[in-house]
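Next comes work.pdb, a file with PDB, C-alpha atoms and all ligand atoms.
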```
MODEL        1
ATOM      1  CA  MET E 863      12.108  -0.330  22.476
ATOM      2  CA  ALA E 864      11.565   0.391  18.769
ATOM      3  CA  ALA E 865      13.888  -1.227  16.252
ATOM      4  CA  ILE E 866      16.518   1.025  14.702
ATOM      5  CA  ARG E 867      15.837   1.203  10.995
ATOM      6  CA  LEU E 868      17.768   2.470   8.007
ATOM      7  CA  GLY E 869      17.299   6.220   7.628
ATOM      8  CA  ASP E 870      16.658   6.778  11.352
ATOM      9  CA  ILE E 871      18.827   9.261  13.213
ATOM     10  CA  ALA E 872      21.280   7.133  15.230
ATOM     11  CA  PRO E 873      20.139   7.532  18.845
ATOM     12  CA  ASN E 874      22.495   9.731  20.835
ATOM     13  CA  PHE E 875      23.980   8.672  24.183
ATOM     14  CA  THR E 876      26.772   9.425  26.597
ATOM     15  CA  ALA E 877      28.922   6.537  27.805
ATOM     16  CA  GLN E 878      32.200   5.702  29.509
ATOM     17  CA  SER E 879      34.825   4.337  27.186
ATOM     18  CA  SER E 880      38.461   3.289  27.229
ATOM     19  CA  GLU E 881      39.228   6.778  25.884
ATOM     20  CA  GLY E 882      37.043   8.735  28.339
ATOM     21  CA  GLU E 883      33.407   9.817  28.281
ATOM     22  CA  ILE E 884      31.795   9.931  24.864
ATOM     23  CA  ASP E 885      28.823  12.000  23.740
ATOM     24  CA  PHE E 886      28.141   9.954  20.632
ATOM     25  CA  HIS E 887      26.920  12.688  18.287
ATOM     26  CA  LYS E 888      29.618  15.136  19.407
ATOM     27  CA  TRP E 889      32.241  12.417  19.100
ATOM     28  CA  LEU E 890      31.089  11.662  15.539
ATOM     29  CA  GLY E 891      31.358  15.332  14.552
ATOM     30  CA  ASN E 892      31.303  15.520  10.746
ATOM     31  CA  SER E 893      32.615  11.985  10.280
ATOM     32  CA  TRP E 894      30.901   8.801   9.279
ATOM     33  CA  GLY E 895      30.829   6.265  12.110
ATOM     34  CA  ILE E 896      30.783   2.581  12.916
ATOM     35  CA  LEU E 897      29.335   1.469  16.244
ATOM     36  CA  PHE E 898      29.898  -2.244  16.758
ATOM     37  CA  SER E 899      29.337  -4.570  19.686
ATOM     38  CA  HIS E 900      31.117  -7.763  20.679
ATOM     39  CA  PRO E 901      29.958 -10.350  23.228
ATOM     40  CA  ALA E 902      32.734 -10.152  25.804
ATOM     41  CA  ASP E 903      36.311  -9.088  26.539
ATOM     42  CA  TYR E 904      39.051 -11.725  26.833
ATOM     43  CA  THR E 905      37.403 -13.993  24.235
ATOM     44  CA  PRO E 906      39.203 -15.322  21.169
ATOM     45  CA  VAL E 907      37.061 -14.196  18.225
ATOM     46  CA  CYS E 908      36.565 -10.715  19.701
ATOM     47  CA  THR E 909      40.316 -10.399  20.221
ATOM     48  CA  THR E 910      40.938 -11.047  16.519
ATOM     49  CA  GLU E 911      38.136  -8.703  15.495
ATOM     50  CA  LEU E 912      39.322  -5.703  17.503
ATOM     51  CA  GLY E 913      42.907  -6.329  16.410
ATOM     52  CA  THR E 914      41.754  -6.363  12.786
ATOM     53  CA  VAL E 915      39.849  -3.096  13.207
ATOM     54  CA  ALA E 916      42.962  -1.482  14.697
ATOM     55  CA  LYS E 917      45.008  -2.636  11.690
ATOM     56  CA  TYR E 918      42.453  -1.061   9.318
ATOM     57  CA  THR E 919      42.834   2.420  10.867
ATOM     58  CA  GLU E 920      44.294   3.899   7.695
ATOM     59  CA  GLU E 921      41.428   2.501   5.589
ATOM     60  CA  PHE E 922      38.822   3.948   7.956
ATOM     61  CA  ASN E 923      40.650   7.300   8.054
ATOM     62  CA  LYS E 924      40.733   7.447   4.223
ATOM     63  CA  ARG E 925      36.953   7.113   4.262
ATOM     64  CA  ASN E 926      36.457   9.656   7.089
ATOM     65  CA  VAL E 927      35.016   6.931   9.338
ATOM     66  CA  LYS E 928      35.391   6.881  13.142
ATOM     67  CA  VAL E 929      35.045   3.525  14.857
ATOM     68  CA  VAL E 930      33.787   2.716  18.347
ATOM     69  CA  ALA E 931      33.382  -0.749  19.899
ATOM     70  CA  LEU E 932      31.149  -1.800  22.786
ATOM     71  CA  SER E 933      30.574  -4.630  25.231
ATOM     72  CA  VAL E 934      28.867  -4.917  28.601
ATOM     73  CA  ASP E 935      32.246  -5.397  30.324
ATOM     74  CA  GLY E 936      33.650  -2.645  32.552
ATOM     75  CA  LEU E 937      36.391  -0.131  31.982
ATOM     76  CA  GLU E 938      39.108  -2.016  33.900
ATOM     77  CA  SER E 939      38.356  -5.111  31.837
ATOM     78  CA  HIS E 940      38.606  -3.152  28.574
ATOM     79  CA  LEU E 941      41.902  -1.543  29.577
ATOM     80  CA  GLY E 942      43.471  -4.882  30.532
ATOM     81  CA  TRP E 943      42.171  -6.638  27.434
ATOM     82  CA  ILE E 944      43.436  -3.877  25.100
ATOM     83  CA  LYS E 945      46.984  -4.779  26.262
ATOM     84  CA  ASP E 946      46.322  -8.400  25.275
ATOM     85  CA  ILE E 947      44.911  -7.378  21.877
ATOM     86  CA  ASN E 948      47.939  -5.191  21.189
ATOM     87  CA  GLU E 949      50.294  -7.989  22.197
ATOM     88  CA  THR E 950      48.620 -10.932  20.463
ATOM     89  CA  GLN E 951      47.433  -9.165  17.313
ATOM     90  CA  ASP E 952      50.609  -7.095  16.901
ATOM     91  CA  THR E 953      48.765  -3.795  16.701
ATOM     92  CA  THR E 954      47.676  -0.780  18.750
ATOM     93  CA  VAL E 955      44.013  -0.368  19.572
ATOM     94  CA  ASN E 956      43.446   3.299  18.796
ATOM     95  CA  PHE E 957      39.665   3.565  18.983
ATOM     96  CA  PRO E 958      37.411   3.689  22.055
ATOM     97  CA  ILE E 959      35.639   0.680  23.545
ATOM     98  CA  ILE E 960      32.447   1.596  25.386
ATOM     99  CA  ALA E 961      32.021   0.044  28.850
ATOM    100  CA  ASP E 962      28.282  -0.563  28.810
ATOM    101  CA  GLU E 963      27.957  -2.278  32.199
ATOM    102  CA  ASP E 964      24.456  -0.890  32.759
ATOM    103  CA  ARG E 965      23.456  -1.965  29.188
ATOM    104  CA  LYS E 966      22.132   1.513  28.442
ATOM    105  CA  VAL E 967      23.573   1.652  24.925
ATOM    106  CA  SER E 968      23.081  -2.078  24.254
ATOM    107  CA  GLU E 969      19.383  -1.703  24.968
ATOM    108  CA  LEU E 970      19.085   1.564  23.062
ATOM    109  CA  TYR E 971      20.545  -0.167  19.986
ATOM    110  CA  ASP E 972      18.909  -3.589  20.609
ATOM    111  CA  MET E 973      22.292  -5.329  20.781
ATOM    112  CA  ILE E 974      21.175  -8.004  23.263
ATOM    113  CA  HIS E 975      19.131 -10.732  21.606
ATOM    114  CA  PRO E 976      17.802 -12.795  24.530
ATOM    115  CA  ASN E 977      17.162 -15.939  22.505
ATOM    116  CA  ALA E 978      20.832 -15.943  21.508
ATOM    117  CA  ASP E 979      22.218 -14.879  24.906
ATOM    118  CA  SER E 980      20.342 -13.246  27.765
ATOM    119  CA  LYS E 981      23.246 -11.131  29.009
ATOM    120  CA  LEU E 982      25.815 -10.555  26.283
ATOM    121  CA  THR E 983      25.652  -8.384  23.187
ATOM    122  CA  VAL E 984      25.631 -10.060  19.788
ATOM    123  CA  ARG E 985      27.968  -8.827  17.034
ATOM    124  CA  SER E 986      25.954  -5.786  15.890
ATOM    125  CA  VAL E 987      27.250  -3.287  13.357
ATOM    126  CA  PHE E 988      25.736   0.148  12.722
ATOM    127  CA  VAL E 989      27.173   2.341   9.980
ATOM    128  CA  ILE E 990      26.186   5.970  10.475
ATOM    129  CA  GLY E 991      26.487   8.656   7.826
ATOM    130  CA  ASP E 992      27.860  12.164   8.259
ATOM    131  CA  ASP E 993      24.193  13.244   8.558
ATOM    132  CA  LYS E 994      23.921  11.014  11.700
ATOM    133  CA  LYS E 995      21.488   8.709   9.912
ATOM    134  CA  VAL E 996      21.768   4.920  10.081
ATOM    135  CA  LYS E 997      22.960   3.660   6.685
ATOM    136  CA  LEU E 998      23.531  -0.035   7.395
ATOM    137  CA  THR E 999      22.840  -2.573  10.118
ATOM    138  CA  ILE E1000      24.292  -6.084  10.223
ATOM    139  CA  THR E1001      24.057  -8.658  12.995
ATOM    140  CA  TYR E1002      26.329 -11.660  13.388
ATOM    141  CA  PRO E1003      26.193 -14.344  16.079
ATOM    142  CA  ALA E1004      28.910 -14.712  18.704
ATOM    143  CA  SER E1005      30.406 -17.701  16.908
ATOM    144  CA  THR E1006      31.163 -15.856  13.646
ATOM    145  CA  GLY E1007      33.828 -13.187  13.427
ATOM    146  CA  ARG E1008      33.044 -10.319  11.084
ATOM    147  CA  ASN E1009      34.584  -9.668   7.680
ATOM    148  CA  PHE E1010      35.919  -6.124   7.898
ATOM    149  CA  ASP E1011      36.861  -6.086   4.211
ATOM    150  CA  GLU E1012      33.133  -6.404   3.534
ATOM    151  CA  LEU E1013      32.502  -3.484   5.852
ATOM    152  CA  LEU E1014      34.966  -1.309   3.920
ATOM    153  CA  ARG E1015      33.365  -2.446   0.649
ATOM    154  CA  VAL E1016      29.902  -1.465   1.893
ATOM    155  CA  ILE E1017      31.155   1.910   3.108
ATOM    156  CA  ASP E1018      32.629   2.536  -0.362
ATOM    157  CA  SER E1019      29.214   1.794  -1.844
ATOM    158  CA  LEU E1020      27.334   3.883   0.731
ATOM    159  CA  GLN E1021      29.607   6.886   0.223
ATOM    160  CA  LEU E1022      29.527   6.596  -3.575
ATOM    161  CA  THR E1023      25.744   6.253  -3.793
ATOM    162  CA  ALA E1024      25.201   9.091  -1.302
ATOM    163  CA  TYR E1025      26.722  11.557  -3.764
ATOM    164  CA  HIS E1026      26.064  10.022  -7.216
ATOM    165  CA  LYS E1027      22.869   8.749  -8.818
ATOM    166  CA  VAL E1028      24.124   5.186  -9.008
ATOM    167  CA  ALA E1029      23.778   1.877  -7.179
ATOM    168  CA  THR E1030      26.342  -0.904  -6.868
ATOM    169  CA  PRO E1031      25.700  -4.401  -8.252
ATOM    170  CA  ALA E1032      26.316  -7.769  -6.604
ATOM    171  CA  ASN E1033      29.872  -8.322  -5.375
ATOM    172  CA  TRP E1034      30.864  -4.823  -6.517
ATOM    173  CA  ASN E1035      34.226  -3.491  -5.414
ATOM    174  CA  HIS E1036      35.653   0.028  -5.604
ATOM    175  CA  GLY E1037      36.751   0.766  -9.186
ATOM    176  CA  GLU E1038      34.240  -1.488 -10.924
ATOM    177  CA  ASP E1039      31.293  -0.459 -13.095
ATOM    178  CA  VAL E1040      28.112   0.599 -11.335
ATOM    179  CA  VAL E1041      24.407   0.610 -12.108
ATOM    180  CA  VAL E1042      22.584   3.816 -13.122
ATOM    181  CA  SER E1043      19.757   4.608 -10.679
ATOM    182  CA  PRO E1044      16.448   3.318 -12.046
ATOM    183  CA  ALA E1045      14.876   6.792 -11.605
ATOM    184  CA  ILE E1046      17.100   8.302 -14.341
ATOM    185  CA  PRO E1047      15.983   7.875 -17.988
ATOM    186  CA  THR E1048      18.765   6.582 -20.256
ATOM    187  CA  ASP E1049      19.011   9.807 -22.336
ATOM    188  CA  LYS E1050      19.460  11.822 -19.135
ATOM    189  CA  ALA E1051      21.946   9.242 -17.808
ATOM    190  CA  LYS E1052      24.074   9.722 -20.955
ATOM    191  CA  GLU E1053      24.282  13.457 -20.184
ATOM    192  CA  ILE E1054      25.223  12.885 -16.531
ATOM    193  CA  PHE E1055      27.662   9.999 -16.931
ATOM    194  CA  THR E1056      30.105  11.287 -19.509
ATOM    195  CA  LYS E1057      32.283   8.141 -19.341
ATOM    196  CA  GLY E1058      29.476   6.296 -21.133
ATOM    197  CA  VAL E1059      26.335   4.320 -20.410
ATOM    198  CA  GLU E1060      25.715   0.781 -21.627
ATOM    199  CA  GLU E1061      22.020  -0.098 -21.851
ATOM    200  CA  VAL E1062      21.884  -3.881 -21.281
ATOM    201  CA  LYS E1063      18.100  -3.623 -20.754
ATOM    202  CA  PRO E1064      16.026  -0.455 -20.365
ATOM    203  CA  TYR E1065      16.093  -1.083 -16.590
ATOM    204  CA  LEU E1066      19.750  -2.225 -16.431
ATOM    205  CA  ARG E1067      22.228   0.472 -17.400
ATOM    206  CA  MET E1068      25.931   0.244 -16.508
ATOM    207  CA  THR E1069      28.459   3.051 -16.268
ATOM    208  CA  PRO E1070      32.058   3.332 -15.054
ATOM    209  CA  GLN E1071      32.358   4.424 -11.421
ATOM    210  CA  PRO E1072      31.783   8.188 -11.752
ATOM    211  CA  ASN E1073      34.062   9.528  -9.003
ATOM    212  CA  LEU E1074      37.375   8.136 -10.235
TER     213      LEU E1074
HETATM  214  C1  LIG O1101      34.628 -15.117  21.054
HETATM  215  O1  LIG O1101      34.823 -13.918  20.890
HETATM  216  O2  LIG O1101      35.483 -15.957  20.792
HETATM  217  C2  LIG O1101      33.315 -15.601  21.575
HETATM  218  C3  LIG O1101      32.594 -14.814  22.442
HETATM  219  C4  LIG O1101      31.384 -15.293  22.928
HETATM  220  C5  LIG O1101      30.918 -16.534  22.521
HETATM  221  C6  LIG O1101      31.631 -17.285  21.618
HETATM  222  C7  LIG O1101      32.853 -16.826  21.135
ENDMDL
END
```
Do you think you could lay out the structure here as structure tokens?
Amino acid sequence: MAAIRLGDIAPNFTAQSSEGEIDFHKWLGNSWGILFSHPADYTPVCTTELGTVAKYTEEFNKRNVKVVALSVDGLESHLGWIKDINETQDTTVNFPIIADEDRKVSELYDMIHPNADSKLTVRSVFVIGDDKKVKLTITYPASTGRNFDELLRVIDSLQLTAYHKVATPANWNHGEDVVVSPAIPTDKAKEIFTKGVEEVKPYLRMTPQPNL
């Protein structure tokens, strides 16, 4: 199986989920997407993660992002566990969880890392653009719960840089100054970015976030 790399079309699949059968590309439609795996249902870190994702629904909606989770547990397990997540995390899980018992999707997306665990998926994250291309991959081990604020931050950067000739510097957050793309000469940058361009070095030009 070839690794999934940035810029690849996210492989399509059909799968059973807690919200019925999903054809991944059809389900994405014109939205951005996050496909993320967790090791197992009825485990503590995963319970907090899926509860957190449910609580961030409004943030994902604002960014036109659909979210789908996955583990190799079955449908009955997912449906029972969702009740526990809702109860313990004081939320309502309102996104599908794929029941990948035959590991079809896990293998397609290389979510099982045998030297970490031979059977269970690691904590993979794939961010997919509205062009169905893979924009970001991150992998965490089972023992470390993900930071979903970081995921929102990255999506803000991905969506900004998809439509503007800028890049985002270290620790950037929405609303802060951004870097002018190296490919744009400074005189041209001053025409494009009417809020101003500060030339710190010929290769390091800063401008206010252009889409505010
Ligand atoms: C957890 O979600 O808590 C977990 C799952 C698998 C291994 C370790 C922790």
- Query: Evaluating the PyMOL selection byres (((chain E and resi 940-950) around 12) and not hetatm) on the displayed file yields which residues, as a ChimeraX atom specification?
  - Reply: /E:878-882,900,902-917,931-939,951-963
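Ranking E:Pro873, E:Pro976, E:Pro1003, E:Gly895 by their shortest atom-to-atom distance to ligand LIG 1101 (chain O), with only C-alpha atoms and all ligand atoms included, puts E:Pro1003 first.
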- List the residues selected by the PyMOL selection byres (((chain E and resi 971) around 8) and not hetatm) in the file shown, writing them as a PyMOL selection string. chain E and resi 865-866+873+967-970+972-973
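Excluding Lys997 of chain E and any residue on its chain fewer than 6 positions from it, the residues at most 9 Å away by all atoms listed in the file are E:Arg867, E:Leu868, E:Gly869, E:Asp870, E:Phe988, E:Val989, E:Ile990, E:Gly991, E:Leu1020.
Taking all atoms listed in the file into account, ligand LIG 1101 (chain O) lies nearest to E:Thr983 out of the set E:Gln1021, E:Thr876, E:Thr999, E:Thr983.
What separates atom CA of Ile1054 of chain E from atom CA of Asp992 of chain E is a distance of 24.9 Å.
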- Shortest contact to Val1040 of chain E, candidates E:Gln1071, E:Thr1056, E:Ser986, E:Ser1019, atoms counted all atoms listed in the file, goes to E:Gln1071
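Proximity of E:Asp979, E:Asp1018, E:Asp1011, E:Asp993 to ligand LIG 1101 (chain O), computed with only C-alpha atoms and all ligand atoms, is greatest for E:Asp979.
Using all atoms listed in the file, the smallest distance between any of E:Arg1008, E:Arg965, E:Ile1000, E:His887 and ligand LIG 1101 (chain O) comes from E:Arg1008.
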- Task: Using the chain letters and numbering of this document, enumerate as a ChimeraX atom specification the residues selected by the PyMOL selection byres (((chain E and resi 926) around 9) and not hetatm).
- Result: /E:892-895,921-925,927-928
